[in-house]
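Participant: You'll find model_7.cif just under this line, and it carries mmCIF, C-alpha atoms and all ligand atoms.
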data_data
loop_
_atom_site.label_atom_id
_atom_site.label_comp_id
_atom_site.auth_asym_id
_atom_site.auth_seq_id
_atom_site.Cartn_x
_atom_site.Cartn_y
_atom_site.Cartn_z
CA MET A 1 -27.34 20.39 -13.49
CA THR A 2 -25.25 22.27 -16.09
CA GLU A 3 -24.75 22.26 -19.82
CA ILE A 4 -21.85 23.31 -22.01
CA SER A 5 -23.51 25.23 -24.82
CA PRO A 6 -22.64 24.66 -28.52
CA ARG A 7 -20.15 27.14 -29.81
CA GLU A 8 -21.16 29.76 -32.28
CA GLY A 9 -18.52 30.29 -34.95
CA HIS A 10 -14.96 29.09 -35.08
CA SER A 11 -12.37 31.57 -33.90
CA ASP A 12 -13.94 32.57 -30.63
CA ALA A 13 -15.77 29.33 -29.98
CA SER A 14 -14.46 29.05 -26.49
CA ALA A 15 -16.14 32.26 -25.55
CA HIS A 16 -19.46 30.41 -25.76
CA GLU A 17 -18.35 27.19 -24.08
CA VAL A 18 -19.51 28.29 -20.69
CA ALA A 19 -21.44 26.23 -18.24
CA ARG A 20 -25.06 27.35 -17.80
CA PRO A 21 -27.97 25.75 -16.01
CA ALA A 22 -30.02 23.23 -18.00
CA LYS A 23 -33.83 23.38 -18.08
CA PRO A 24 -35.04 22.61 -14.57
CA GLY A 25 -36.07 18.96 -14.28
CA TYR A 26 -34.76 17.95 -17.72
CA SER A 27 -31.53 16.50 -18.99
CA PRO A 28 -29.79 18.66 -21.58
CA VAL A 29 -28.89 15.44 -23.43
CA ALA A 30 -32.26 14.02 -24.45
CA ASP A 31 -35.01 15.81 -22.57
CA VAL A 32 -35.37 12.85 -20.25
CA PRO A 33 -36.70 13.93 -16.86
CA HIS A 34 -33.89 14.00 -14.40
CA ARG A 35 -34.57 11.99 -11.28
CA PRO A 36 -32.55 13.06 -8.30
CA ARG A 37 -30.85 10.22 -6.47
CA ALA A 38 -31.85 9.27 -2.94
CA THR A 39 -28.51 10.61 -1.75
CA ASP A 40 -29.27 14.00 -3.34
CA VAL A 41 -32.47 14.54 -1.37
CA ASP A 42 -32.07 12.46 1.77
CA PRO A 43 -29.13 13.32 4.06
CA LYS A 44 -29.58 9.96 5.83
CA ALA A 45 -29.17 8.09 2.54
CA ALA A 46 -26.07 10.17 1.79
CA ARG A 47 -24.56 9.27 5.17
CA ARG A 48 -25.44 5.61 4.61
CA ALA A 49 -23.67 5.70 1.26
CA GLU A 50 -20.68 7.36 2.84
CA ARG A 51 -20.47 4.59 5.44
CA GLN A 52 -20.80 1.92 2.74
CA VAL A 53 -17.92 3.37 0.73
CA ALA A 54 -15.73 3.77 3.80
CA SER A 55 -16.52 0.17 4.89
CA MET A 56 -15.34 -1.13 1.55
CA PHE A 57 -12.04 0.75 1.82
CA LEU A 58 -11.62 -0.62 5.36
CA LEU A 59 -12.43 -4.16 4.21
CA SER A 60 -9.87 -3.89 1.43
CA MET A 61 -7.25 -3.08 4.08
CA LEU A 62 -8.34 -6.18 5.99
CA PHE A 63 -7.88 -8.36 2.90
CA VAL A 64 -4.39 -6.99 2.36
CA VAL A 65 -3.57 -8.01 5.94
CA LEU A 66 -5.07 -11.45 5.22
CA PHE A 67 -2.86 -11.66 2.11
CA VAL A 68 0.23 -11.19 4.26
CA VAL A 69 -1.05 -13.70 6.84
CA ALA A 70 -1.74 -16.25 4.09
CA TYR A 71 1.71 -15.70 2.60
CA VAL A 72 3.38 -16.40 5.94
CA ALA A 73 1.06 -19.11 7.29
CA ILE A 74 0.26 -21.37 4.34
CA ASP A 75 2.86 -23.92 3.33
CA LYS A 76 3.68 -23.49 -0.36
CA THR A 77 3.54 -27.26 -0.92
CA THR A 78 -0.03 -27.63 0.44
CA VAL A 79 -2.52 -28.57 -2.27
CA VAL A 80 -6.31 -28.14 -2.23
CA TYR A 81 -8.93 -29.53 -4.55
CA ILE A 82 -11.12 -27.00 -6.33
CA PRO A 83 -13.96 -28.19 -8.59
CA VAL A 84 -13.22 -27.63 -12.30
CA MET A 85 -9.62 -26.57 -11.57
CA GLY A 86 -8.57 -29.78 -9.79
CA ASP A 87 -5.58 -29.82 -7.41
CA VAL A 88 -4.04 -26.38 -7.00
CA GLY A 89 -1.60 -24.82 -4.55
CA ALA A 90 -3.41 -23.59 -1.43
CA SER A 91 -1.01 -20.68 -1.11
CA ASN A 92 -1.68 -19.48 -4.67
CA VAL A 93 -5.43 -19.72 -4.13
CA ALA A 94 -5.32 -17.79 -0.86
CA LEU A 95 -2.97 -15.10 -2.22
CA GLY A 96 -4.98 -14.66 -5.41
CA PHE A 97 -8.28 -14.54 -3.54
CA THR A 98 -7.23 -12.03 -0.88
CA PHE A 99 -5.40 -9.75 -3.30
CA GLY A 100 -8.24 -9.92 -5.83
CA VAL A 101 -10.86 -9.06 -3.22
CA ALA A 102 -8.75 -6.14 -1.97
CA ILE A 103 -8.59 -4.68 -5.49
CA LEU A 104 -12.26 -5.38 -6.10
CA LEU A 105 -13.28 -3.57 -2.92
CA ILE A 106 -11.25 -0.48 -3.76
CA GLY A 107 -12.73 -0.41 -7.28
CA THR A 108 -16.28 -1.00 -6.06
CA ALA A 109 -15.98 1.67 -3.39
CA ALA A 110 -14.70 4.19 -5.94
CA ILE A 111 -17.65 3.42 -8.26
CA GLN A 112 -20.16 3.69 -5.42
CA TRP A 113 -18.66 6.97 -4.34
CA SER A 114 -18.94 8.47 -7.81
CA LYS A 115 -22.43 7.05 -8.43
CA LYS A 116 -24.01 7.97 -5.15
CA LEU A 117 -22.16 10.95 -3.75
CA MET A 118 -20.43 12.87 -6.51
CA PRO A 119 -22.56 15.45 -8.38
CA ASP A 120 -25.09 13.99 -10.81
CA VAL A 121 -24.28 16.21 -13.77
CA GLU A 122 -25.06 15.85 -17.47
CA VAL A 123 -23.26 17.99 -20.02
CA VAL A 124 -23.18 18.47 -23.78
CA GLN A 125 -20.19 19.81 -25.65
CA GLU A 126 -19.58 20.04 -29.38
CA ARG A 127 -16.32 18.87 -30.81
CA HIS A 128 -13.86 21.58 -31.63
CA ASP A 129 -10.30 22.00 -32.88
CA GLN A 130 -7.64 20.08 -31.02
CA LEU A 131 -5.82 23.25 -30.04
CA SER A 132 -7.94 24.95 -27.42
CA PRO A 133 -8.03 28.73 -27.24
CA ARG A 134 -6.48 30.15 -24.13
CA ARG A 135 -9.82 31.04 -22.64
CA ALA A 136 -11.05 27.45 -23.00
CA THR A 137 -7.93 26.23 -21.24
CA ALA A 138 -8.62 28.62 -18.40
CA GLU A 139 -12.20 27.43 -18.21
CA ALA A 140 -11.06 23.82 -18.16
CA ALA A 141 -8.76 24.59 -15.27
CA ALA A 142 -11.62 26.31 -13.48
CA ASN A 143 -13.89 23.32 -14.16
CA TYR A 144 -11.23 21.02 -12.82
CA GLU A 145 -10.99 23.03 -9.63
CA ARG A 146 -14.76 23.05 -9.31
CA GLY A 147 -14.92 19.28 -9.92
CA LYS A 148 -12.31 18.77 -7.25
CA ASP A 149 -14.51 20.67 -4.79
CA GLU A 150 -17.69 18.96 -5.88
CA SER A 151 -16.21 15.45 -5.66
CA GLY A 152 -16.23 15.96 -1.93
CA PHE A 153 -12.65 14.90 -1.46
CA ALA A 154 -12.29 17.62 1.14
CA ARG A 155 -15.83 17.28 2.51
CA PHE A 156 -16.05 13.51 3.11
CA LYS A 157 -13.24 13.20 5.58
CA LEU A 158 -13.99 9.60 6.52
CA ILE A 159 -13.89 8.48 2.90
CA ARG A 160 -10.78 10.48 2.19
CA ARG A 161 -8.92 9.01 5.13
CA THR A 162 -9.98 5.43 4.49
CA LEU A 163 -9.13 5.81 0.78
CA ILE A 164 -5.66 7.08 1.66
CA GLY A 165 -5.31 4.21 4.15
CA ALA A 166 -6.38 1.65 1.56
CA LEU A 167 -3.97 3.03 -1.04
CA VAL A 168 -1.10 3.17 1.44
CA VAL A 169 -1.42 -0.50 2.44
CA PHE A 170 -2.28 -1.66 -1.08
CA PRO A 171 1.37 -1.93 -2.31
CA ILE A 172 2.36 -4.13 0.66
CA PRO A 173 1.77 -7.41 -1.26
CA MET A 174 4.25 -6.26 -3.92
CA VAL A 175 6.91 -5.75 -1.24
CA VAL A 176 6.07 -9.05 0.48
CA LEU A 177 6.46 -10.95 -2.78
CA LEU A 178 10.03 -9.68 -3.15
CA ARG A 179 10.91 -12.32 -0.58
CA ASP A 180 10.50 -14.95 -3.29
CA LEU A 181 13.64 -13.57 -4.96
CA TRP A 182 15.57 -15.94 -2.75
CA VAL A 183 14.53 -19.47 -1.78
CA PRO A 184 16.76 -20.79 0.98
CA THR A 185 17.70 -24.47 0.98
CA GLU A 186 19.05 -26.42 3.95
CA ALA A 187 22.55 -25.52 2.84
CA ASP A 188 21.65 -21.83 3.03
CA GLU A 189 20.92 -22.04 6.76
CA GLY A 190 22.21 -18.89 8.48
CA LYS A 191 23.02 -17.04 5.25
CA SER A 192 21.74 -13.54 4.61
CA PRO A 193 19.44 -12.97 1.59
CA ALA A 194 22.31 -11.12 -0.13
CA ASP A 195 24.58 -14.16 0.33
CA ILE A 196 21.91 -16.52 -0.95
CA LEU A 197 21.35 -14.39 -4.03
CA SER A 198 25.02 -13.88 -4.82
CA THR A 199 26.30 -17.46 -4.38
CA THR A 200 25.54 -20.61 -6.37
CA LEU A 201 25.91 -24.35 -5.92
CA TRP A 202 29.39 -24.31 -7.45
CA THR A 203 32.19 -24.96 -4.97
CA GLU A 204 35.76 -26.14 -5.29
CA GLY A 205 35.71 -29.67 -6.74
CA SER A 206 32.05 -29.59 -7.91
CA ARG A 207 31.86 -31.99 -10.82
CA ILE A 208 30.52 -30.50 -14.06
CA VAL A 209 27.74 -32.66 -15.50
CA SER A 210 25.71 -32.36 -18.65
CA ASP A 211 22.38 -30.56 -18.15
CA GLY A 212 19.54 -33.07 -18.46
CA THR A 213 21.52 -36.34 -18.38
CA TYR A 214 23.76 -35.54 -15.40
CA ALA A 215 26.60 -37.33 -17.19
CA PRO A 216 30.03 -36.12 -15.96
CA VAL A 217 31.96 -34.30 -18.66
CA LYS A 218 35.55 -35.08 -19.68
CA PRO A 219 37.63 -32.65 -21.75
CA GLU A 220 37.65 -35.05 -24.69
CA ASP A 221 33.80 -34.93 -24.80
CA LEU A 222 34.00 -31.37 -26.09
CA PRO A 223 35.58 -30.77 -29.53
CA VAL A 224 37.03 -27.38 -30.51
CA GLY A 225 34.08 -25.18 -31.55
CA GLY A 226 31.61 -27.24 -29.48
CA LEU A 227 29.27 -26.19 -26.68
CA ILE A 228 27.71 -28.12 -23.79
CA SER A 229 25.04 -26.86 -21.37
CA ALA A 230 26.05 -28.02 -17.91
CA VAL A 231 25.17 -27.87 -14.22
CA PRO A 232 26.88 -28.94 -10.98
CA GLU A 233 26.45 -32.61 -10.03
CA ASP A 234 24.98 -31.57 -6.67
CA LEU A 235 22.00 -30.02 -8.42
CA ARG A 236 20.37 -33.44 -8.86
CA GLU A 237 20.11 -33.82 -5.10
CA VAL A 238 18.88 -30.27 -4.54
CA GLU A 239 16.20 -30.66 -7.18
CA GLU A 240 14.94 -33.95 -5.83
CA VAL A 241 14.79 -32.73 -2.28
CA THR A 242 13.48 -29.20 -2.68
CA GLU A 243 12.52 -28.81 -6.34
CA ASN A 244 14.65 -25.73 -6.16
CA LEU A 245 14.52 -24.28 -9.64
CA ASN A 246 16.29 -21.15 -8.44
CA ALA A 247 19.40 -23.23 -7.76
CA ARG A 248 19.31 -24.56 -11.34
CA GLY A 249 18.84 -21.06 -12.76
CA LYS A 250 21.77 -19.67 -10.82
CA ALA A 251 24.19 -22.56 -11.45
CA ALA A 252 23.53 -23.18 -15.18
CA ILE A 253 26.67 -22.80 -17.29
CA ILE A 254 27.86 -23.34 -20.83
CA LEU A 255 31.15 -25.00 -21.68
CA VAL A 256 32.78 -23.95 -24.94
CA ARG A 257 36.07 -25.06 -26.39
CA MET A 258 38.40 -23.03 -28.56
CA ASP A 259 42.01 -23.23 -29.54
CA PRO A 260 43.95 -21.91 -26.49
CA SER A 261 45.79 -19.47 -28.76
CA GLU A 262 42.44 -17.81 -29.60
CA ILE A 263 41.74 -16.88 -25.97
CA ARG A 264 42.65 -13.20 -25.70
CA ALA A 265 41.63 -12.63 -22.06
CA GLN A 266 39.96 -14.37 -19.14
CA GLN A 267 38.53 -13.19 -15.84
CA GLY A 268 41.32 -14.96 -13.95
CA ASP A 269 44.68 -16.49 -14.83
CA GLY A 270 44.36 -20.07 -16.08
CA TRP A 271 40.59 -20.31 -15.55
CA ASP A 272 40.25 -22.41 -18.72
CA TYR A 273 41.23 -26.05 -19.09
CA GLN A 274 43.09 -26.69 -22.35
CA GLY A 275 40.91 -24.13 -24.16
CA ILE A 276 37.66 -25.17 -22.43
CA LEU A 277 35.93 -22.16 -20.88
CA ALA A 278 32.93 -22.17 -18.55
CA TYR A 279 30.59 -19.19 -18.43
CA SER A 280 27.27 -18.54 -16.72
CA LYS A 281 24.32 -19.28 -18.97
CA ILE A 282 22.22 -16.44 -17.52
CA CYS A 283 22.26 -13.16 -19.42
CA THR A 284 23.44 -10.19 -17.35
CA HIS A 285 20.75 -7.99 -18.91
CA VAL A 286 17.49 -9.38 -17.53
CA GLY A 287 18.35 -13.03 -17.05
CA CYS A 288 17.42 -14.99 -20.18
CA PRO A 289 19.26 -18.31 -20.57
CA ILE A 290 21.72 -18.20 -23.49
CA ALA A 291 23.18 -20.96 -25.63
CA LEU A 292 23.49 -19.32 -29.06
CA TYR A 293 27.21 -19.55 -29.74
CA GLU A 294 28.96 -18.52 -32.91
CA GLN A 295 32.13 -20.58 -32.89
CA ARG A 296 33.99 -18.56 -35.57
CA THR A 297 33.72 -15.22 -33.70
CA HIS A 298 33.37 -16.81 -30.23
CA HIS A 299 30.34 -14.60 -29.68
CA LEU A 300 27.53 -15.67 -27.39
CA LEU A 301 24.23 -14.09 -28.45
CA CYS A 302 21.25 -13.60 -26.14
CA PRO A 303 17.99 -14.24 -28.04
CA CYS A 304 15.96 -11.89 -25.84
CA HIS A 305 17.47 -8.47 -26.64
CA GLN A 306 20.54 -9.40 -28.66
CA SER A 307 23.22 -8.72 -26.08
CA THR A 308 26.43 -10.27 -27.40
CA PHE A 309 29.36 -11.43 -25.30
CA ASP A 310 32.86 -12.25 -26.56
CA LEU A 311 33.89 -15.48 -24.82
CA ALA A 312 37.43 -15.22 -26.17
CA ASP A 313 37.76 -11.84 -24.47
CA ALA A 314 36.76 -12.52 -20.85
CA GLY A 315 33.03 -12.60 -21.73
CA ASN A 316 32.95 -8.84 -22.31
CA VAL A 317 29.86 -7.23 -23.85
CA VAL A 318 30.39 -6.33 -27.50
CA PHE A 319 26.81 -5.38 -28.34
CA GLY A 320 23.37 -4.88 -26.81
CA PRO A 321 21.83 -3.64 -23.59
CA ALA A 322 23.70 -5.86 -21.10
CA ALA A 323 25.87 -3.70 -18.84
CA ARG A 324 28.09 -6.43 -17.36
CA ARG A 325 30.30 -9.14 -18.80
CA MET A 326 29.24 -12.75 -18.50
CA PRO A 327 30.67 -14.24 -15.27
CA GLN A 328 33.29 -16.94 -15.84
CA LEU A 329 33.63 -20.11 -13.76
CA PRO A 330 37.21 -21.28 -13.14
CA ILE A 331 37.56 -24.97 -14.07
CA GLY A 332 40.04 -27.84 -13.97
CA VAL A 333 39.93 -31.65 -13.82
CA ASP A 334 39.81 -34.05 -10.86
CA GLU A 335 42.00 -37.11 -10.40
CA GLU A 336 39.62 -39.17 -12.54
CA GLY A 337 39.94 -36.71 -15.40
CA TYR A 338 36.46 -35.19 -15.14
CA LEU A 339 35.89 -31.44 -15.43
CA VAL A 340 35.30 -29.73 -12.08
CA ALA A 341 34.83 -26.17 -10.83
CA LEU A 342 37.73 -24.63 -8.94
CA SER A 343 35.44 -22.31 -6.95
CA ASP A 344 32.10 -20.49 -7.19
CA PHE A 345 31.74 -17.60 -9.64
CA ALA A 346 33.88 -14.64 -8.66
CA GLU A 347 31.06 -12.22 -9.45
CA PRO A 348 27.28 -12.54 -9.02
CA ILE A 349 25.49 -14.08 -11.96
CA GLY A 350 22.37 -12.73 -13.59
CA PRO A 351 20.88 -9.29 -14.21
CA SER A 352 22.85 -6.14 -13.68
CA PHE A 353 20.87 -5.27 -10.58
CA TRP A 354 24.13 -6.14 -8.83
CA GLU A 355 25.87 -3.14 -10.30
CA ARG A 356 23.84 -0.98 -7.95
CA GLY A 357 25.85 -2.17 -4.98
S1 LIG A 401 18.07 -10.76 -21.40
FE1 LIG A 401 19.76 -10.98 -22.67
S2 LIG A 401 19.82 -9.21 -23.81
FE2 LIG A 401 18.12 -8.93 -22.53
#
Here is a file; write its structure as structure tokens.

Facilitator:
Amino acid sequence: MTEISPREGHSDASAHEVARPAKPGYSPVADVPHRPRATDVDPKAARRAERQVASMFLLSMLFVVLFVVAYVAIDKTTVVYIPVMGDVGASNVALGFTFGVAILLIGTAAIQWSKKLMPDVEVVQERHDQLSPRRATAEAAANYERGKDESGFARFKLIRRTLIGALVVFPIPMVVLLRDLWVPTEADEGKSPADILSTTLWTEGSRIVSDGTYAPVKPEDLPVGGLISAVPEDLREVEEVTENLNARGKAAIILVRMDPSEIRAQQGDGWDYQGILAYSKICTHVGCPIALYEQRTHHLLCPCHQSTFDLADAGNVVFGPAARRMPQLPIGVDEEGYLVALSDFAEPIGPSFWERG
């Protein structure tokens, strides 16, 4: 048991802040008799504690494996009834439970280790100036080194190895969850994840319908200065069959109309239809949906971090953190006079992650 003694004076205070033994059998804090722990006096108890801690680290690894198994094996549409909570997704319950227990076990093992096996030391130290004298800094470094030795990180090999094992497998759930970045539909059969992420539902001839009502849009529905949020007609079917919200997020567009003479540049020749331009609705910064359009300047403003895109100038960024222009969708009309896409977007929509390629 050690005590940091009160300093005497100001300028050379650190000279007195040295560790010295406390009164045998008494705490330096409040003269309460110090009771040694079972693990301090009984080597068998210490070994038992060591095994307990190591078991918890091992168990946490097991629960991480169970997390991965649950992720793969449980159908995301399966629902279970839980009292108080009602019907909830079985996959969410299993993932939350296994991941939570894995964290809990690591935390509990760390607490048990420090409570039962690390040195049972009580210290007193007076407050002093924020800037420590050089000698105090050196003493702190020495104390740190001593604490490192006393923690037993080098001595308890089993604990050290199982802790390292538990921490190495612990990030696996984060990597596994990355798979949810793409949700393949039947139409995506055989496509690579990169293809699924970089293509949308828009194809040549896809009818443009109003978001929400699914009403097909004709050029005369959109006055100069107006804006319509729109999606591809096929989205209705995809949503009903698979509830694929990712498809909606990727395909959402805005239609704006301006006088053709005001269009200074586009991402492709003739991609507008009589002054009607279609742009992705998903901000290229971190993916917020945008529909704040200032018709006089033709600026599209993202409400999240104020990135601003000039829709009269090929959707280029004029302000804010977005690093890429807003992707434009080439449009025309079909034989019935409804607005249609002429192809998919020429560049991936959404956050600028794509720039890394
Ligand atoms: S998401 Fe649009 S500016 Fe950040």

Participant: Excluding same-chain residues fewer than 6 positions from Leu178 (chain A), what lies within 12 Å of it counting all atoms listed in the file, as a PyMOL selection string?

Facilitator: chain A and resi 71+171-172+193

Participant: Selected residues, C-alpha atoms, written as a CSV table (one decimal), in the frame of the given file, please.

Facilitator:
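Written output follows (result-v7.csv):
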chain,number,residue,atom,x,y,z
A,71,TYR,CA,1.7,-15.7,2.6
A,171,PRO,CA,1.4,-1.9,-2.3
A,172,ILE,CA,2.4,-4.1,0.7
A,193,PRO,CA,19.4,-13.0,1.6

Participant: Would you please work out which residue, of A:Ala49, A:Leu201, A:Val93, A:Leu292, is nearest to ligand LIG 401 (chain A) when using all atoms listed in the file?

Facilitator: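 Answer, going by the shortest atom-to-atom distance: A:Leu292.
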
Participant: To one decimal in Å, tell me the separation between CA of Ala102 (chain A) and CA of Val64 (chain A).

Facilitator: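 These atoms are spaced 6.2 Å apart.
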
Participant: Could you tell me which of A:Ala109, A:Cys302, A:Leu104, A:Leu311 comes closest to ligand LIG 401 (chain A) if we count all atoms listed in the file?

Facilitator: A:Cys302

Participant: With all atoms listed in the file as the atoms that count, which of A:Gln130, A:Gln306, A:Ser352, A:Ser114 lies nearest to ligand LIG 401 (chain A)?

Facilitator: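 Under the stated criterion, the closest residue is A:Gln306.
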
Participant: Neighbours of ligand LIG 401 (chain A) within 7 Å, counting only C-alpha atoms and all ligand atoms, as a PyMOL selection string?

Facilitator: chain A and resi 283-288+302-307+320-322

Participant: Can you work out which one of A:Val231, A:Met118, A:Leu66, A:Ile196 has the shortest atom-to-atom distance to Leu329 (chain A), counting only C-alpha atoms?

Facilitator: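 Answer, going by the shortest atom-to-atom distance: A:Val231.
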
Participant: Would you mind listing what lies within 7 Å of Ile254 (chain A) as a tab-separated table (two decimals) with C-alpha atoms, in the frame of the given file, with all atoms listed in the file counted and same-chain residues fewer than 2 positions away left out?

Facilitator:
chain	number	residue	atom	x	y	z
A	227	LEU	CA	29.27	-26.19	-26.68
A	228	ILE	CA	27.71	-28.12	-23.79
A	229	SER	CA	25.04	-26.86	-21.37
A	230	ALA	CA	26.05	-28.02	-17.91
A	256	VAL	CA	32.78	-23.95	-24.94
A	278	ALA	CA	32.93	-22.17	-18.55
A	279	TYR	CA	30.59	-19.19	-18.43
A	280	SER	CA	27.27	-18.54	-16.72
A	281	LYS	CA	24.32	-19.28	-18.97
